[in-house]
Structures are given as C-alpha cells and as structure tokens.
>>> print(open('my_file.cif').read())   # mmCIF, C-alpha atoms
data_my_file
loop_
_atom_site.label_atom_id
_atom_site.label_comp_id
_atom_site.auth_asym_id
_atom_site.auth_seq_id
_atom_site.Cartn_x
_atom_site.Cartn_y
_atom_site.Cartn_z
CA MET A 644 75.29 198.83 44.31
CA SER A 645 78.40 196.85 45.23
CA LYS A 646 78.20 193.06 45.17
CA PRO A 647 79.54 190.66 47.80
CA LEU A 648 82.32 189.28 45.55
CA ASP A 649 83.43 192.58 44.01
CA GLY A 650 87.23 192.51 43.75
CA ILE A 651 87.46 188.69 43.75
CA LEU A 652 89.21 187.22 40.70
CA VAL A 653 88.26 183.68 39.70
CA VAL A 654 90.36 181.96 37.05
CA SER A 655 88.72 178.85 35.66
CA PHE A 656 90.10 176.11 33.43
CA GLU A 657 86.65 174.75 32.70
CA GLN A 658 84.62 172.76 30.22
CA ALA A 659 81.03 171.58 29.86
CA VAL A 660 78.52 172.44 32.62
CA ALA A 661 79.42 171.77 36.26
CA VAL A 662 82.38 174.12 36.85
CA PRO A 663 81.06 176.72 34.36
CA TYR A 664 77.80 176.75 36.32
CA ALA A 665 79.68 177.24 39.60
CA THR A 666 81.66 180.15 38.16
CA ARG A 667 78.52 181.67 36.64
CA LEU A 668 77.00 181.69 40.12
CA LEU A 669 80.14 183.38 41.45
CA ALA A 670 79.96 185.94 38.62
CA ASP A 671 76.34 186.64 39.61
CA LEU A 672 77.67 187.67 43.03
CA GLY A 673 80.18 190.08 41.53
CA ALA A 674 83.32 188.00 41.01
CA ARG A 675 85.40 188.71 37.94
CA VAL A 676 85.61 185.34 36.17
CA VAL A 677 88.30 184.72 33.56
CA LYS A 678 87.42 181.61 31.56
CA VAL A 679 90.49 180.04 29.97
CA GLU A 680 89.69 178.47 26.59
CA ARG A 681 91.79 176.76 23.96
CA PRO A 682 92.31 178.98 20.89
CA GLY A 683 90.17 178.08 17.92
CA VAL A 684 88.23 175.43 19.88
CA GLY A 685 87.10 176.79 23.21
CA ASP A 686 84.85 175.09 25.71
CA PHE A 687 83.27 172.19 23.80
CA ALA A 688 79.89 173.11 25.32
CA ARG A 689 79.87 176.19 23.06
CA HIS A 690 78.52 173.98 20.30
CA TYR A 691 76.31 171.39 22.01
CA ASP A 692 73.41 172.93 20.07
CA SER A 693 72.79 176.13 18.09
CA ALA A 694 69.86 177.54 20.04
CA CYS A 695 71.40 180.86 21.14
CA GLY A 696 72.93 182.82 18.31
CA GLU A 697 76.35 181.29 17.69
CA VAL A 698 76.48 179.32 20.95
CA SER A 699 74.53 176.55 22.60
CA SER A 700 71.78 176.89 25.18
CA TYR A 701 74.11 175.24 27.72
CA PHE A 702 76.86 177.77 27.06
CA ALA A 703 74.54 180.78 27.13
CA TRP A 704 73.14 179.62 30.48
CA THR A 705 76.45 178.95 32.25
CA ASN A 706 78.69 181.74 30.94
CA VAL A 707 76.84 185.01 31.53
CA GLY A 708 79.17 187.79 32.60
CA LYS A 709 82.53 186.05 32.09
CA GLU A 710 85.71 187.04 30.25
CA SER A 711 87.11 184.59 27.69
CA LEU A 712 90.90 184.26 27.42
CA ASN A 713 92.46 182.28 24.58
CA LEU A 714 95.32 180.20 25.97
CA ASP A 715 96.90 177.08 24.50
CA LEU A 716 98.23 175.31 27.58
CA ALA A 717 100.54 173.18 25.41
CA HIS A 718 102.41 176.22 24.10
CA ASP A 719 105.82 176.95 25.60
CA ARG A 720 104.78 180.51 26.58
CA ALA A 721 101.54 179.46 28.28
CA GLY A 722 103.26 178.75 31.59
CA GLU A 723 104.21 182.38 32.14
CA VAL A 724 100.65 183.53 31.41
CA VAL A 725 99.27 180.95 33.82
CA ALA A 726 101.77 182.06 36.47
CA ARG A 727 100.61 185.66 36.19
CA LEU A 728 96.96 184.59 36.28
CA VAL A 729 97.51 182.52 39.41
CA ALA A 730 99.49 185.29 41.07
CA ALA A 731 96.54 187.65 40.59
CA ALA A 732 93.75 185.18 41.37
CA ASP A 733 91.80 184.61 44.56
CA VAL A 734 90.22 181.40 43.28
CA VAL A 735 91.36 178.89 40.65
CA LEU A 736 88.92 176.20 39.50
CA CYS A 737 89.65 173.31 37.18
CA ASN A 738 87.84 170.33 35.71
CA LEU A 739 90.59 169.12 33.42
CA SER A 740 91.50 165.48 33.94
CA PRO A 741 93.83 164.97 36.91
CA GLY A 742 96.63 164.00 34.56
CA ALA A 743 96.21 167.06 32.36
CA ALA A 744 95.99 169.35 35.38
CA LYS A 745 99.27 168.04 36.79
CA ARG A 746 100.94 168.13 33.40
CA HIS A 747 100.18 171.84 33.11
CA GLY A 748 100.91 172.67 36.74
CA LEU A 749 97.26 173.33 37.54
CA ASP A 750 96.83 170.77 40.32
CA ALA A 751 96.14 172.13 43.78
CA GLY A 752 99.48 170.99 45.21
CA THR A 753 101.45 172.91 42.61
CA LEU A 754 99.25 176.01 42.66
CA ARG A 755 99.15 176.38 46.44
CA ALA A 756 102.84 175.61 47.02
CA GLY A 757 103.64 179.29 46.45
CA ARG A 758 100.17 180.66 47.28
CA PRO A 759 98.88 179.21 50.54
CA ASP A 760 96.16 181.87 50.52
CA LEU A 761 94.78 180.63 47.21
CA VAL A 762 91.43 178.82 47.02
CA VAL A 763 91.71 175.96 44.52
CA GLY A 764 88.80 173.79 43.45
CA GLU A 765 89.18 170.56 41.48
CA LEU A 766 86.23 168.69 39.97
CA SER A 767 86.54 165.11 38.78
CA GLY A 768 84.08 162.50 37.64
CA TYR A 769 84.39 159.96 40.44
CA GLY A 770 87.33 161.19 42.52
CA GLU A 771 91.00 160.57 41.85
CA ASP A 772 91.23 157.19 43.56
CA GLY A 773 89.08 154.08 43.89
CA PRO A 774 88.16 151.66 41.10
CA TYR A 775 86.37 154.40 39.12
CA GLY A 776 89.13 157.00 39.49
CA GLY A 777 90.17 156.88 35.85
CA ARG A 778 86.73 156.61 34.24
CA LYS A 779 85.16 159.24 32.03
CA ALA A 780 82.08 160.79 33.55
CA PHE A 781 79.22 162.75 32.02
CA ASP A 782 75.89 163.72 33.49
CA ALA A 783 73.80 160.85 32.12
CA LEU A 784 76.45 158.32 33.13
CA ILE A 785 76.46 159.68 36.67
CA GLN A 786 72.66 159.53 36.79
CA SER A 787 72.92 155.85 35.90
CA GLU A 788 75.67 155.04 38.41
CA ALA A 789 73.94 156.89 41.27
CA GLY A 790 70.61 155.12 40.74
CA LEU A 791 68.62 158.12 39.53
CA VAL A 792 67.77 156.48 36.20
CA GLU A 793 66.31 153.51 38.09
CA LEU A 794 63.84 155.87 39.80
CA THR A 795 62.92 157.95 36.77
CA GLY A 796 60.39 156.88 34.17
CA ASP A 797 57.13 154.95 34.26
CA GLY A 798 56.57 151.25 34.86
CA ASP A 799 59.19 149.23 33.03
CA VAL A 800 60.51 152.28 31.16
CA THR A 801 63.44 154.15 32.70
CA ALA A 802 64.62 157.63 31.76
CA ARG A 803 67.35 160.10 32.54
CA ALA A 804 66.21 163.27 34.26
CA GLY A 805 65.37 165.98 31.74
CA ILE A 806 68.06 168.38 32.97
CA SER A 807 71.74 167.96 33.88
CA VAL A 808 71.12 167.28 37.55
CA ALA A 809 74.58 165.84 38.32
CA ASP A 810 76.28 168.88 36.80
CA ILE A 811 73.93 171.24 38.62
CA ALA A 812 74.41 169.43 41.93
CA ALA A 813 78.18 169.67 41.58
CA GLY A 814 78.12 173.30 40.44
CA VAL A 815 75.95 174.45 43.34
CA GLN A 816 78.02 172.56 45.91
CA LEU A 817 81.31 173.81 44.43
CA GLN A 818 80.09 177.41 44.56
CA SER A 819 79.01 176.94 48.18
CA ALA A 820 82.40 175.49 49.12
CA VAL A 821 84.24 178.37 47.40
CA LEU A 822 82.17 180.92 49.33
CA ALA A 823 82.91 179.10 52.60
CA ALA A 824 86.63 178.98 51.76
CA LEU A 825 86.69 182.72 50.99
CA LEU A 826 84.95 183.43 54.28
CA SER A 827 87.48 181.26 56.13
CA ARG A 828 90.37 182.97 54.33
CA ALA A 829 89.08 186.38 55.41
CA ARG A 830 89.40 185.22 59.02
CA THR A 831 92.57 183.13 58.87
CA GLY A 832 94.51 184.28 55.80
CA GLN A 833 94.68 180.67 54.61
CA GLY A 834 93.17 179.42 51.37
CA ALA A 835 91.84 175.92 50.79
CA THR A 836 91.99 172.95 48.46
CA LEU A 837 88.49 171.83 47.48
CA ARG A 838 87.89 168.51 45.75
CA LEU A 839 84.52 167.41 44.46
CA SER A 840 83.27 164.64 42.19
CA LEU A 841 80.18 164.60 40.01
CA PHE A 842 79.28 161.17 41.38
CA GLU A 843 79.42 162.16 45.04
CA ALA A 844 77.60 165.43 44.35
CA LEU A 845 74.63 163.53 42.91
CA ALA A 846 74.92 160.79 45.54
CA GLU A 847 74.28 163.50 48.14
CA TRP A 848 71.02 164.38 46.39
CA MET A 849 70.08 160.68 46.32
CA HIS A 850 69.95 160.33 50.10
CA GLN A 851 66.15 160.17 50.45
CA PRO A 852 65.57 157.39 47.90
CA MET A 853 68.66 155.61 49.21
CA LEU A 854 67.29 155.68 52.77
CA TYR A 855 63.84 154.62 51.53
CA ALA A 856 65.33 151.61 49.73
CA ALA A 857 67.44 150.69 52.76
CA GLY A 858 64.46 150.91 55.08
CA THR A 859 61.93 149.10 52.91
CA GLY A 860 64.14 146.66 51.07
CA THR A 861 63.19 147.96 47.63
CA ALA A 862 63.53 151.10 45.55
CA ALA A 863 60.45 153.29 45.19
CA PRO A 864 58.48 152.19 42.10
CA ARG A 865 58.68 154.28 38.94
CA SER A 866 55.40 156.17 38.58
CA GLY A 867 55.98 158.70 35.82
CA ALA A 868 55.00 162.19 36.95
CA HIS A 869 53.05 160.76 39.88
CA HIS A 870 54.52 160.42 43.35
CA PRO A 871 55.61 156.88 44.30
CA SER A 872 54.38 157.11 47.91
CA ILE A 873 51.64 159.78 47.91
CA ALA A 874 48.32 159.85 45.99
CA PRO A 875 46.65 161.64 44.34
CA TYR A 876 49.88 163.41 43.51
CA GLY A 877 50.54 164.03 39.81
CA PRO A 878 49.07 165.42 36.58
CA PHE A 879 45.42 164.78 35.68
CA PRO A 880 44.19 165.55 32.15
CA CYS A 881 41.61 168.25 31.52
CA ARG A 882 39.97 169.14 28.21
CA ASP A 883 42.68 171.70 27.43
CA GLY A 884 45.79 170.49 29.24
CA ALA A 885 46.49 169.05 32.66
CA VAL A 886 46.49 170.06 36.31
CA HIS A 887 49.00 168.62 38.76
CA LEU A 888 47.49 167.65 42.12
CA ALA A 889 49.55 167.35 45.31
CA VAL A 890 47.16 165.97 47.93
CA GLN A 891 49.44 165.12 50.84
CA ASN A 892 47.11 164.64 53.82
CA ASP A 893 43.56 163.64 54.75
CA PRO A 894 42.12 167.18 55.20
CA GLN A 895 43.22 168.05 51.67
CA TRP A 896 41.74 164.79 50.38
CA ARG A 897 38.40 165.49 52.06
CA ARG A 898 38.26 169.03 50.66
CA LEU A 899 39.02 167.71 47.17
CA CYS A 900 36.15 165.23 47.42
CA ALA A 901 33.58 167.56 48.98
CA GLU A 902 34.35 170.99 47.56
CA VAL A 903 35.78 170.24 44.11
CA LEU A 904 34.26 166.90 43.11
CA GLY A 905 31.02 167.40 45.05
CA ARG A 906 31.38 163.81 46.30
CA ALA A 907 32.03 164.01 50.03
CA ALA A 908 31.28 160.29 50.49
CA LEU A 909 34.26 159.35 48.30
CA ALA A 910 36.58 160.46 51.10
CA ASP A 911 35.24 157.62 53.27
CA ASP A 912 35.62 154.90 50.65
CA PRO A 913 37.79 152.28 52.43
CA ARG A 914 40.01 151.98 49.35
CA PHE A 915 41.03 155.60 49.80
CA GLY A 916 40.89 156.12 53.55
CA THR A 917 44.59 156.88 54.10
CA VAL A 918 47.51 157.99 51.98
CA ALA A 919 48.82 154.41 51.98
CA ASP A 920 45.38 153.12 50.93
CA ARG A 921 45.24 155.58 48.05
CA VAL A 922 48.68 154.53 46.87
CA ARG A 923 47.71 150.84 47.00
CA HIS A 924 44.58 151.54 44.98
CA ARG A 925 46.09 154.17 42.70
CA ALA A 926 44.46 152.89 39.47
CA GLU A 927 40.98 152.89 41.01
CA LEU A 928 41.63 156.29 42.57
CA HIS A 929 42.62 157.79 39.24
CA ALA A 930 39.48 156.34 37.65
CA GLU A 931 37.40 158.27 40.17
CA LEU A 932 39.27 161.53 39.49
CA ASP A 933 37.98 162.28 36.00
CA PHE A 934 38.51 165.94 35.11
CA GLY A 935 38.17 165.46 31.35
CA THR A 936 35.25 167.92 31.05
CA TRP A 937 36.96 170.64 33.08
CA ALA A 938 38.93 173.54 31.64
CA ALA A 939 42.32 173.53 33.34
CA ALA A 940 41.94 177.15 34.50
CA ASP A 941 38.53 176.39 36.05
CA LEU A 942 39.81 173.29 37.82
CA LEU A 943 42.81 175.16 39.20
CA ALA A 944 40.52 177.95 40.45
CA ALA A 945 38.28 175.41 42.19
CA LEU A 946 41.26 173.70 43.80
CA ASP A 947 42.65 177.04 44.98
CA ALA A 948 39.27 177.95 46.48
CA ALA A 949 39.21 174.61 48.34
CA ASP A 950 42.83 175.03 49.50
CA VAL A 951 43.96 171.90 47.69
CA PRO A 952 47.55 172.20 46.41
CA ALA A 953 47.75 172.10 42.62
CA ALA A 954 49.49 173.63 39.61
CA ARG A 955 49.16 173.84 35.85
CA THR A 956 51.25 171.41 33.83
CA ARG A 957 52.99 173.72 31.37
CA GLY A 958 55.52 173.45 28.57
CA VAL A 959 59.10 174.65 28.97
CA ALA A 960 58.93 176.87 25.87
CA GLY A 961 56.44 179.11 27.67
CA LEU A 962 58.48 179.45 30.87
CA PRO A 963 59.80 182.97 30.12
CA ASP A 964 56.18 184.11 29.72
CA HIS A 965 54.90 182.43 32.87
CA PRO A 966 52.53 184.96 34.46
CA GLN A 967 54.33 184.81 37.80
CA LEU A 968 57.73 185.50 36.26
CA VAL A 969 56.29 188.32 34.17
CA ALA A 970 54.52 189.90 37.15
CA ARG A 971 57.72 189.73 39.23
CA ASP A 972 59.91 191.15 36.43
CA ARG A 973 62.29 188.17 36.36
CA ARG A 974 63.21 188.29 32.66
CA ARG A 975 66.33 189.96 31.30
CA ASP A 976 67.88 190.15 27.84
CA VAL A 977 71.51 189.05 27.57
CA THR A 978 73.86 189.52 24.64
CA VAL A 979 75.32 186.31 23.21
CA PRO A 980 77.70 185.91 20.26
CA GLY A 981 75.51 186.48 17.22
CA GLY A 982 72.42 187.80 18.99
CA SER A 983 70.62 188.04 22.30
CA VAL A 984 68.52 185.73 24.49
CA THR A 985 66.06 186.14 27.32
CA VAL A 986 67.26 184.67 30.61
CA LEU A 987 65.88 184.67 34.14
CA ARG A 988 67.52 186.71 36.85
CA PRO A 989 68.98 184.71 39.80
CA PRO A 990 66.29 183.46 42.17
CA VAL A 991 67.72 185.10 45.31
CA ASP A 992 67.02 188.82 45.71
CA SER A 993 68.98 191.01 48.09
CA ASP A 994 68.31 194.45 49.54
CA THR A 995 72.05 195.23 49.50
CA TRP A 996 73.05 194.31 45.94
CA ASP A 997 71.44 193.90 42.54
CA TRP A 998 72.13 191.71 39.54
CA THR A 999 72.97 193.20 36.17
CA PRO A 1000 73.76 190.53 33.59
CA GLY A 1001 76.96 190.71 31.61
CA ALA A 1002 77.26 189.37 28.09
CA VAL A 1003 78.11 185.79 27.15
CA PRO A 1004 81.63 186.05 25.71
CA ALA A 1005 82.80 185.17 22.24
CA LEU A 1006 85.77 182.83 22.15
CA GLY A 1007 88.87 184.80 23.15
CA GLU A 1008 86.95 188.07 23.24
CA HIS A 1009 88.81 189.38 26.30
CA THR A 1010 92.29 188.01 25.57
CA GLU A 1011 93.99 191.36 25.03
CA HIS A 1012 92.15 192.95 27.98
CA VAL A 1013 93.16 190.14 30.35
CA LEU A 1014 96.78 190.27 29.20
CA ARG A 1015 96.83 194.04 29.81
CA THR A 1016 95.52 193.55 33.34
CA LEU A 1017 98.34 191.03 33.89
CA GLY A 1018 100.91 193.70 33.03
CA TYR A 1019 101.89 192.72 29.50
CA PRO A 1020 102.93 195.70 27.31
CA ALA A 1021 101.16 196.31 24.01
CA GLU A 1022 103.94 194.94 21.81
CA GLU A 1023 104.17 191.72 23.77
CA ILE A 1024 100.39 191.30 23.71
CA ALA A 1025 100.54 191.61 19.94
CA ALA A 1026 103.14 188.85 19.81
CA LEU A 1027 101.17 186.59 22.14
CA VAL A 1028 97.95 186.84 20.18
CA GLU A 1029 99.50 186.03 16.82
CA ASN A 1030 98.00 182.88 15.33
CA SER A 1031 101.23 181.01 15.91
CA SER A 1032 101.47 181.97 19.57
CA CYS A 1033 99.83 180.75 22.78
CA CYS A 1034 96.94 183.22 22.81
CA GLY A 1035 96.15 183.25 19.11
CA GLY A 1036 92.91 182.66 17.32
CA SER A 1037 93.58 179.30 15.72
CA GLY A 1038 95.69 177.43 18.24
CA VAL A 1039 98.72 175.27 17.52
#
>>> encode(input="my_file.cif", output="structure tokens")
Amino acid sequence: MSKPLDGILVVSFEQAVAVPYATRLLADLGARVVKVERPGVGDFARHYDSACGEVSSYFAWTNVGKESLNLDLAHDRAGEVVARLVAAADVVLCNLSPGAAKRHGLDAGTLRAGRPDLVVGELSGYGEDGPYGGRKAFDALIQSEAGLVELTGDGDVTARAGISVADIAAGVQLQSAVLAALLSRARTGQGATLRLSLFEALAEWMHQPMLYAAGTGTAAPRSGAHHPSIAPYGPFPCRDGAVHLAVQNDPQWRRLCAEVLGRAALADDPRFGTVADRVRHRAELHAELDFGTWAAADLLAALDAADVPAARTRGVAGLPDHPQLVARDRRRDVTVPGGSVTVLRPPVDSDTWDWTPGAVPALGEHTEHVLRTLGYPAEEIAALVENSSCCGGSGV
C-alpha cells in the first residue's frame, strides 16, 4: 500500500528529541528521511542511556525508519554534499543553533534563495530574538520557564513531567506545519519557511492552566495524581495496586456511592454535594473512599458495572503487554543497532495505507547509499568516506 508521503525526501540536520520526533512522524507517513550526523559522534541522543542494544531509548523511539548519513559540516567538501542534498530535498529541517546554521549555509534564507519551492523548518529554544534568544534550552528548562513544573508535583514538592513534553509538543507541531506546507506547495508551487521554538510550543499546551490562573488569580494547586479542580479524581489504593477514579459529575458520584460503596446517603452529605464541595473537602472525601480491602480487578469491574469512569494504575514496564494493546495487535519488533526492541505502531490507523517499521540506523549506515542517490560515482564515494574525508567514520 502506498503511503501519503511516498516520494517526499526530508533532509534533517537534527539532534536530541524534538526535530527527530517530527521526522520520525514524517517517516511513519512514508517520507524518506536522511538524518545527517557528524562522523564518529552522531546525534548525542544516541547515548543518553543504553536501554536499546547499542542506542538509547530516546534514539530508538525517534529514529525508526531513517537513513543515517555521516557528514562533517566543517569539512571543506561538505558544502557540495549539502548542495546536492538540498537540490534533491522537498523538506529540510534543522535544530542547530542559529549561528551554526548560518555558518554552514543551512538557514532558511540561504536554502530557499535558490529553491523557493523548498519547505524549510527551523527549531530553536526560545526564538531567535528577544531577551532569551541566545539561551540554551532543553526540555526540563522549558518546563520550568513555561510554568509546568509549578503545576506538577504534590503539595510543596514540584516535579518535572515524566516525559519530554516540550520536545513532543514541538515535534508534533513541526510535523503538522510541514504537512500543511507540503499541501500548500502542491497547490501553489511555493515552499515555506517554518520557525518554531520549544518554549512557544509548550506555552501553547499551557493555555488552560494559564487561563485558569488569569481568571482566578492563582495557579491551580499541586495535587499529585489527583485533579486540582475535580474530586474524586485520582488513584485510590486497593489491596493489590490502585484504581484511578474520574468522577466528573453528580450522576457519576451518586452511582459510585449507591452501586459501588453501597452508601447512597453519602451522596447527600453536604460536604460532598457538588464538585466544588468535594474539592474543598478532599481530605474528608478520601477518608470515606476506603478501597483497601478490594482487589483492584474487582473494584474496576464494579465501577464499570455502575458506569463510573475508572482505570487501573499500571507501571510503564508492562505497557507493551497491556491487554488492550495486545488484543489490538499494536506491538511490533524493530531492529536497532545491536539488537531489536518492541515498539508500538502509530496510533492513527488508515484504510488506505499501512505502517511497516523500518530499522533504527547505525551511525553512518546509509552514507554510501545516500551518496549514490546523489549521483556520486563509486570512486568518489570511496574518497569521501575515507576517515580523513567529510563522510568518514571518525570525523576530523
């Protein structure tokens, strides 16, 4: 089955998570993604941890199905390789620093001067101007600057979110913008320059708490895994785990009291009469909701029977074996350097294309192949990939 981005070439000068995640999403849709990496070093996210063969869990997640090209941008022959890549590309993405991008001719102005049909995406930490324009930016720093850390945690204890939400926000929005630009180009013949910052990507996701704080005069209180403005809404311990309740309205509250607890009168307790009342009296409410003698599976079954929203509180290590994912055949094995890992297929299914995962590339694995597709003859490829040249294994 053909994919919607079959025939689209994406060239990416990328590091870490945000742009690699965007290009992985584009690869999922059929784009050919050439990942440019420095010889002998590569994307520094390759070695964040050692969970997946010879590469990190971050790298295995964000680089499925790509081609890795060794290219030392500082080498005097790199410019000609970049020129051929850009000439062949439909999309060029970059999250080098603005200064490094301009130094190597990878800024949008330079790239699109001779290719007005090219789609160019640039990711920065905070944007190129403003008082933060020159600051380094990583996911946890962005979470702090955008106010997410203030909201996350319990009581006086703050915490960063447990996943790279700023990177993910930026990656998803960059992919969406690239798709829109390609659609526009198909109609007009004109490409686009796309600029995105990690900070503004996460700031977009912070709209609801920002509006809440503006409207109430204070940020929502930190409440751990419980909801700051709805109760009971959070995990409640059972004898063999926990069940997460999400009681959002009075009918659900009354069914919980009558059909699960067998205490219909509790629903009329004035401390718990409305959602706001239950939030104000959260500690007393939780004292009434004692499920310590229940087995989690039995409690969940009772809640389902009463049509009260709930879920098991599970560990991340068991996610690949979640019964819903297993029943829906969402798991796939992917080759990584030094082994294989189980990943989850993309969450969107289509009746017109399918997803077949490609391998996670070893550093420089596709260098000779990419150079051949750019028209280099065999003898010149051999010269370029020598250790002392721009596409070699050890860099210069």
>>> closest_residue(input="my_file.cif", among="A:Met853, A:Ile651, A:Val735, A:Val679", to="A:Leu714", atoms="all atoms listed in the file")
A:Val679
>>> residues_around(input="my_file.cif", residues="stretch 729-732 of chain A", least_positions_apart="4", cutoff="9 Å", atoms="all atoms listed in the file", output="number ranges by chain")
A: 651-654, 724-725, 754, 758, 761-762, 1017
>>> resolve_selection(input="my_file.cif", expression="the PyMOL selection byres ((chain A and resi 794-808) around 6)", output="ChimeraX atom specification")
/A:782,791-793,809-812,865-867
>>> resolve_selection(input="my_file.cif", expression="the PyMOL selection byres ((chain A and resi 848) around 12)", output="list in words")
Gln786, Ala789, Gly790, Leu791, Val808, Ala809, Asp810, Ile811, Ala812, Ala813, Val815, Gln816, Leu841, Phe842, Glu843, Ala844, Leu845, Ala846, Glu847, Met849, His850, Gln851, Pro852, Met853 and Leu854 of chain A
>>> residues_around(input="my_file.cif", residues="stretch 984-988 of chain A", least_positions_apart="3", cutoff="10 Å", atoms="only C-alpha atoms", output="ChimeraX atom specification")
/A:671,694-696,700,703-704,707,962-963,968,972-979,991-992,997-1000,1003
>>> decode(input="my_file.cif", residues="stretch 700-712 of chain A", atoms="C-alpha atoms", output="mmCIF file, in the first residue's frame")
data_model
loop_
_atom_site.group_PDB
_atom_site.id
_atom_site.type_symbol
_atom_site.label_atom_id
_atom_site.label_comp_id
_atom_site.auth_asym_id
_atom_site.auth_seq_id
_atom_site.Cartn_x
_atom_site.Cartn_y
_atom_site.Cartn_z
ATOM 1 C CA SER A 700 15.614 4.530 24.401
ATOM 2 C CA TYR A 701 15.214 8.110 23.146
ATOM 3 C CA PHE A 702 17.088 7.357 19.936
ATOM 4 C CA ALA A 703 15.268 4.086 19.276
ATOM 5 C CA TRP A 704 11.924 5.855 19.704
ATOM 6 C CA THR A 705 12.604 8.860 17.461
ATOM 7 C CA ASN A 706 14.648 7.345 14.626
ATOM 8 C CA VAL A 707 12.675 4.380 13.300
ATOM 9 C CA GLY A 708 12.902 4.081 9.537
ATOM 10 C CA LYS A 709 15.536 6.753 8.835
ATOM 11 C CA GLU A 710 18.787 6.737 6.853
ATOM 12 C CA SER A 711 21.936 7.927 8.623
ATOM 13 C CA LEU A 712 24.474 9.925 6.593
#
